[in-house]
$ cat query.pdb   # PDB, C-alpha atoms
ATOM      1  CA  MET P  43     -13.639 181.931  24.930  1.00  0.00           C
ATOM      2  CA  SER P  44     -13.514 184.633  22.252  1.00  0.00           C
ATOM      3  CA  GLY P  45     -10.285 186.284  21.129  1.00  0.00           C
ATOM      4  CA  SER P  46     -11.491 189.591  22.570  1.00  0.00           C
ATOM      5  CA  THR P  47     -12.105 188.022  25.994  1.00  0.00           C
ATOM      6  CA  THR P  48      -8.705 186.345  25.952  1.00  0.00           C
ATOM      7  CA  ARG P  49      -7.002 189.661  25.107  1.00  0.00           C
ATOM      8  CA  THR P  50      -8.910 191.391  27.902  1.00  0.00           C
ATOM      9  CA  ILE P  51      -7.833 188.754  30.439  1.00  0.00           C
ATOM     10  CA  ILE P  52      -4.193 188.896  29.332  1.00  0.00           C
ATOM     11  CA  SER P  53      -4.241 192.704  29.409  1.00  0.00           C
ATOM     12  CA  ARG P  54      -5.755 192.759  32.900  1.00  0.00           C
ATOM     13  CA  PHE P  55      -3.397 190.068  34.207  1.00  0.00           C
ATOM     14  CA  THR P  56      -0.402 192.054  32.939  1.00  0.00           C
ATOM     15  CA  SER P  57      -1.595 195.442  34.217  1.00  0.00           C
ATOM     16  CA  GLN P  58      -2.501 193.957  37.626  1.00  0.00           C
ATOM     17  CA  GLU P  59       0.832 192.109  37.793  1.00  0.00           C
ATOM     18  CA  GLY P  60      -0.973 188.799  38.317  1.00  0.00           C
ATOM     19  CA  LEU P  61      -2.674 189.967  41.517  1.00  0.00           C
ATOM     20  CA  CYS P  62      -6.307 190.250  42.607  1.00  0.00           C
ATOM     21  CA  VAL P  63      -7.268 193.895  42.212  1.00  0.00           C
ATOM     22  CA  TYR P  64      -8.948 193.876  45.629  1.00  0.00           C
ATOM     23  CA  CYS P  65      -6.726 191.839  47.972  1.00  0.00           C
ATOM     24  CA  ASP P  66      -3.382 191.349  46.166  1.00  0.00           C
ATOM     25  CA  VAL P  67      -3.491 187.534  46.325  1.00  0.00           C
ATOM     26  CA  ASN P  68      -1.605 185.855  43.456  1.00  0.00           C
ATOM     27  CA  LEU P  69      -4.026 184.821  40.729  1.00  0.00           C
ATOM     28  CA  THR P  70      -3.893 181.406  39.088  1.00  0.00           C
ATOM     29  CA  GLU P  71      -6.064 179.666  36.512  1.00  0.00           C
ATOM     30  CA  LYS P  72      -7.966 178.082  39.410  1.00  0.00           C
ATOM     31  CA  ASN P  73      -8.792 181.175  41.461  1.00  0.00           C
ATOM     32  CA  ALA P  74      -8.949 184.002  38.891  1.00  0.00           C
ATOM     33  CA  THR P  75     -12.342 185.422  37.878  1.00  0.00           C
ATOM     34  CA  MET P  76     -13.381 188.354  35.699  1.00  0.00           C
ATOM     35  CA  ASP P  77     -15.291 190.888  37.789  1.00  0.00           C
ATOM     36  CA  HIS P  78     -17.599 193.559  36.384  1.00  0.00           C
ATOM     37  CA  VAL P  79     -16.848 196.567  38.579  1.00  0.00           C
ATOM     38  CA  ILE P  80     -20.326 197.932  37.915  1.00  0.00           C
ATOM     39  CA  PRO P  81     -22.517 194.821  37.871  1.00  0.00           C
ATOM     40  CA  ARG P  82     -24.355 194.041  34.667  1.00  0.00           C
ATOM     41  CA  SER P  83     -27.598 194.078  36.673  1.00  0.00           C
ATOM     42  CA  TRP P  84     -26.851 197.720  37.570  1.00  0.00           C
ATOM     43  CA  GLY P  85     -26.305 198.691  33.926  1.00  0.00           C
ATOM     44  CA  GLY P  86     -22.569 198.052  33.761  1.00  0.00           C
ATOM     45  CA  ASN P  87     -20.997 197.555  30.357  1.00  0.00           C
ATOM     46  CA  THR P  88     -20.723 193.842  29.617  1.00  0.00           C
ATOM     47  CA  GLY P  89     -18.096 193.996  26.901  1.00  0.00           C
ATOM     48  CA  GLY P  90     -15.894 196.891  27.853  1.00  0.00           C
ATOM     49  CA  ILE P  91     -12.423 196.535  29.283  1.00  0.00           C
ATOM     50  CA  MET P  92     -13.006 199.644  31.391  1.00  0.00           C
ATOM     51  CA  ASN P  93     -15.606 197.839  33.508  1.00  0.00           C
ATOM     52  CA  THR P  94     -13.675 194.628  34.117  1.00  0.00           C
ATOM     53  CA  VAL P  95     -10.933 193.610  36.513  1.00  0.00           C
ATOM     54  CA  LEU P  96      -9.461 190.291  37.576  1.00  0.00           C
ATOM     55  CA  ALA P  97     -10.362 189.227  41.091  1.00  0.00           C
ATOM     56  CA  CYS P  98      -9.878 186.101  43.145  1.00  0.00           C
ATOM     57  CA  GLU P  99     -12.932 183.896  43.658  1.00  0.00           C
ATOM     58  CA  GLN P 100     -13.309 184.933  47.293  1.00  0.00           C
ATOM     59  CA  CYS P 101     -13.413 188.674  46.545  1.00  0.00           C
ATOM     60  CA  ASN P 102     -15.684 188.260  43.520  1.00  0.00           C
ATOM     61  CA  SER P 103     -18.066 186.045  45.474  1.00  0.00           C
ATOM     62  CA  PHE P 104     -18.299 188.483  48.375  1.00  0.00           C
ATOM     63  CA  LYS P 105     -18.753 191.466  46.061  1.00  0.00           C
ATOM     64  CA  SER P 106     -21.447 189.684  44.060  1.00  0.00           C
ATOM     65  CA  GLY P 107     -23.358 188.779  47.215  1.00  0.00           C
ATOM     66  CA  LEU P 108     -23.242 192.326  48.524  1.00  0.00           C
ATOM     67  CA  GLU P 109     -24.395 193.738  45.174  1.00  0.00           C
ATOM     68  CA  SER P 110     -27.338 191.316  45.122  1.00  0.00           C
ATOM     69  CA  HIS P 111     -28.253 192.257  48.691  1.00  0.00           C
ATOM     70  CA  ILE P 112     -28.262 195.955  47.808  1.00  0.00           C
ATOM     71  CA  THR P 113     -30.368 195.368  44.705  1.00  0.00           C
ATOM     72  CA  ASN P 114     -32.879 192.974  46.259  1.00  0.00           C
ATOM     73  CA  GLN P 115     -33.211 194.269  49.795  1.00  0.00           C
ATOM     74  CA  MET P 116     -32.197 197.898  49.827  1.00  0.00           C
ATOM     75  CA  GLY P 117     -32.203 199.688  46.529  1.00  0.00           C
ATOM     76  CA  ALA P 118     -33.977 198.096  43.577  1.00  0.00           C
ATOM     77  CA  HIS P 119     -35.502 201.512  42.860  1.00  0.00           C
ATOM     78  CA  LEU P 120     -32.243 203.447  43.251  1.00  0.00           C
ATOM     79  CA  GLY P 121     -29.981 204.720  40.509  1.00  0.00           C
ATOM     80  CA  LEU P 122     -26.410 203.642  39.928  1.00  0.00           C
ATOM     81  CA  ILE P 123     -24.754 206.387  41.991  1.00  0.00           C
ATOM     82  CA  GLU P 124     -27.017 205.674  44.980  1.00  0.00           C
ATOM     83  CA  ARG P 125     -26.359 201.921  44.719  1.00  0.00           C
ATOM     84  CA  ALA P 126     -22.615 202.558  44.526  1.00  0.00           C
ATOM     85  CA  ALA P 127     -22.836 204.770  47.617  1.00  0.00           C
ATOM     86  CA  LEU P 128     -24.750 202.064  49.504  1.00  0.00           C
ATOM     87  CA  PHE P 129     -22.181 199.488  48.412  1.00  0.00           C
ATOM     88  CA  THR P 130     -19.389 201.731  49.713  1.00  0.00           C
ATOM     89  CA  LEU P 131     -21.124 202.235  53.053  1.00  0.00           C
ATOM     90  CA  ARG P 132     -21.730 198.513  53.449  1.00  0.00           C
ATOM     91  CA  CYS P 133     -18.066 197.762  52.703  1.00  0.00           C
ATOM     92  CA  MET P 134     -16.890 200.312  55.246  1.00  0.00           C
ATOM     93  CA  LYS P 135     -19.296 199.157  57.983  1.00  0.00           C
ATOM     94  CA  ARG P 136     -18.769 195.437  57.410  1.00  0.00           C
ATOM     95  CA  PRO P 137     -17.073 193.740  60.355  1.00  0.00           C
ATOM     96  CA  HIS P 138     -13.997 192.585  58.494  1.00  0.00           C
ATOM     97  CA  GLY P 139     -11.771 191.751  61.385  1.00  0.00           C
ATOM     98  CA  SER P 140      -8.422 193.291  61.949  1.00  0.00           C
ATOM     99  CA  THR P 141      -6.445 191.718  59.131  1.00  0.00           C
ATOM    100  CA  PHE P 142      -4.724 194.034  56.737  1.00  0.00           C
ATOM    101  CA  ARG P 143      -5.891 191.971  53.737  1.00  0.00           C
ATOM    102  CA  ASN P 144      -9.572 192.323  54.702  1.00  0.00           C
ATOM    103  CA  ARG P 145      -9.316 196.071  55.292  1.00  0.00           C
ATOM    104  CA  LEU P 146      -7.517 196.436  51.963  1.00  0.00           C
ATOM    105  CA  ARG P 147     -10.028 194.213  50.137  1.00  0.00           C
ATOM    106  CA  PHE P 148     -13.135 196.102  51.214  1.00  0.00           C
ATOM    107  CA  SER P 149     -11.688 199.586  50.815  1.00  0.00           C
ATOM    108  CA  ARG P 150     -10.520 198.737  47.279  1.00  0.00           C
ATOM    109  CA  MET P 151     -13.916 197.285  46.360  1.00  0.00           C
ATOM    110  CA  ALA P 152     -15.599 200.457  47.529  1.00  0.00           C
ATOM    111  CA  GLU P 153     -13.080 202.653  45.715  1.00  0.00           C
ATOM    112  CA  HIS P 154     -13.457 200.771  42.414  1.00  0.00           C
ATOM    113  CA  VAL P 155     -17.261 200.737  42.494  1.00  0.00           C
ATOM    114  CA  ILE P 156     -17.681 204.412  43.361  1.00  0.00           C
ATOM    115  CA  SER P 157     -15.083 205.500  40.772  1.00  0.00           C
ATOM    116  CA  ALA P 158     -16.637 203.385  38.028  1.00  0.00           C
ATOM    117  CA  ALA P 159     -20.136 204.595  38.878  1.00  0.00           C
ATOM    118  CA  ASP P 160     -18.946 208.196  38.749  1.00  0.00           C
ATOM    119  CA  GLU P 161     -17.284 207.642  35.361  1.00  0.00           C
ATOM    120  CA  HIS P 162     -20.372 205.817  34.031  1.00  0.00           C
ATOM    121  CA  HIS P 163     -22.590 208.710  35.164  1.00  0.00           C
ATOM    122  CA  ARG P 164     -20.243 211.298  33.650  1.00  0.00           C
ATOM    123  CA  GLN P 165     -20.160 209.510  30.282  1.00  0.00           C
ATOM    124  CA  ASN P 166     -23.936 209.128  30.127  1.00  0.00           C
ATOM    125  CA  HIS P 167     -24.553 212.706  31.214  1.00  0.00           C
ATOM    126  CA  ASP P 168     -22.142 214.015  28.584  1.00  0.00           C
ATOM    127  CA  SER P 169     -23.749 211.942  25.839  1.00  0.00           C
ATOM    128  CA  ILE P 170     -27.263 213.032  26.838  1.00  0.00           C
ATOM    129  CA  LEU P 171     -26.190 216.676  26.975  1.00  0.00           C
ATOM    130  CA  GLY P 172     -24.248 216.283  23.717  1.00  0.00           C
ATOM    131  CA  ASN P 173     -27.402 215.186  21.885  1.00  0.00           C
ATOM    132  CA  HIS P 174     -29.297 218.302  22.999  1.00  0.00           C
ATOM    133  CA  LYS P 175     -26.506 220.828  23.450  1.00  0.00           C
ATOM    134  CA  GLU P 176     -28.032 223.357  21.072  1.00  0.00           C
ATOM    135  CA  LYS P 177     -31.277 223.432  23.061  1.00  0.00           C
ATOM    136  CA  TYR P 178     -29.639 224.117  26.404  1.00  0.00           C
ATOM    137  CA  LEU P 179     -26.499 226.119  25.667  1.00  0.00           C
TER     138      LEU P 179
END
$ encode --input "query.pdb" --output "structure tokens"
Amino acid sequence: MSGSTTRTIISRFTSQEGLCVYCDVNLTEKNATMDHVIPRSWGGNTGGIMNTVLACEQCNSFKSGLESHITNQMGAHLGLIERAALFTLRCMKRPHGSTFRNRLRFSRMAEHVISAADEHHRQNHDSILGNHKEKYL
């Protein structure tokens, strides 16, 4: 593991108070995973701390499966914002039972993905506009 990765994990663990960002379960060396909020397959930054959170294995596994389903079955041709919206809808419609932890888990996943997609879009739009500002303004 590189020094940068180790620093990212320590920083995330501290800022998240040792809890899964999605369901608040206590993280340990055995159940903690690094989650890319915007999946790499959707164009998410692979090295940036802004696109990573610590999640328990169960949350990360579910989220990964849902992202793959959206990409492969529903929206391979869609852009990031549309995929994030589909992800959010799927999380909200998913029959997650009546437990507080499940409701919390899926609403937080949806919130993180849509916020990160919005920020990603805003940054890319600004940089594209910044390169051609003189032409358009």
$ resolve_selection --input "query.pdb" --expression "the PyMOL selection byres ((chain P and resi 100) around 12)" --output "ChimeraX atom specification"
/P:62-67,69,72-75,77,96-99,101-107,144,147-148
$ atom_distance --input "query.pdb" --atom1 "CA of Val95 in chain P" --atom2 "CA of Ala152 in chain P"
13.8 Å
$ atom_distance --input "query.pdb" --atom1 "CA of Trp84 in chain P" --atom2 "CA of Glu109 in chain P"
8.9 Å
$ axis_aligned_box --input "query.pdb" --around "range 56-65 of chain P" --padding-each-side "3 Å" --output "JSON"
{"center_x": -4.1, "center_y": 192.1, "center_z": 40.5, "size_x": 15.8, "size_y": 12.6, "size_z": 21.0}
$ atom_distance --input "query.pdb" --atom1 "CA of Ala158 in chain P" --atom2 "CA of Met92 in chain P"
8.4 Å
$ resolve_selection --input "query.pdb" --expression "the PyMOL selection byres ((chain P and resi 153) around 12)" --output "list in words"
Val63, Tyr64, Val79, Ile80, Ala126, Ala127, Phe129, Thr130, Leu131, Cys133, Met134, Leu146, Arg147, Phe148, Ser149, Arg150, Met151, Ala152, His154, Val155, Ile156, Ser157, Ala158, Ala159 and Asp160 of chain P
$ closest_residue --input "query.pdb" --among "P:Gln165, P:Leu122, P:Arg143, P:Arg132" --to "Ser83 in chain P" --atoms "only C-alpha atoms"
P:Leu122
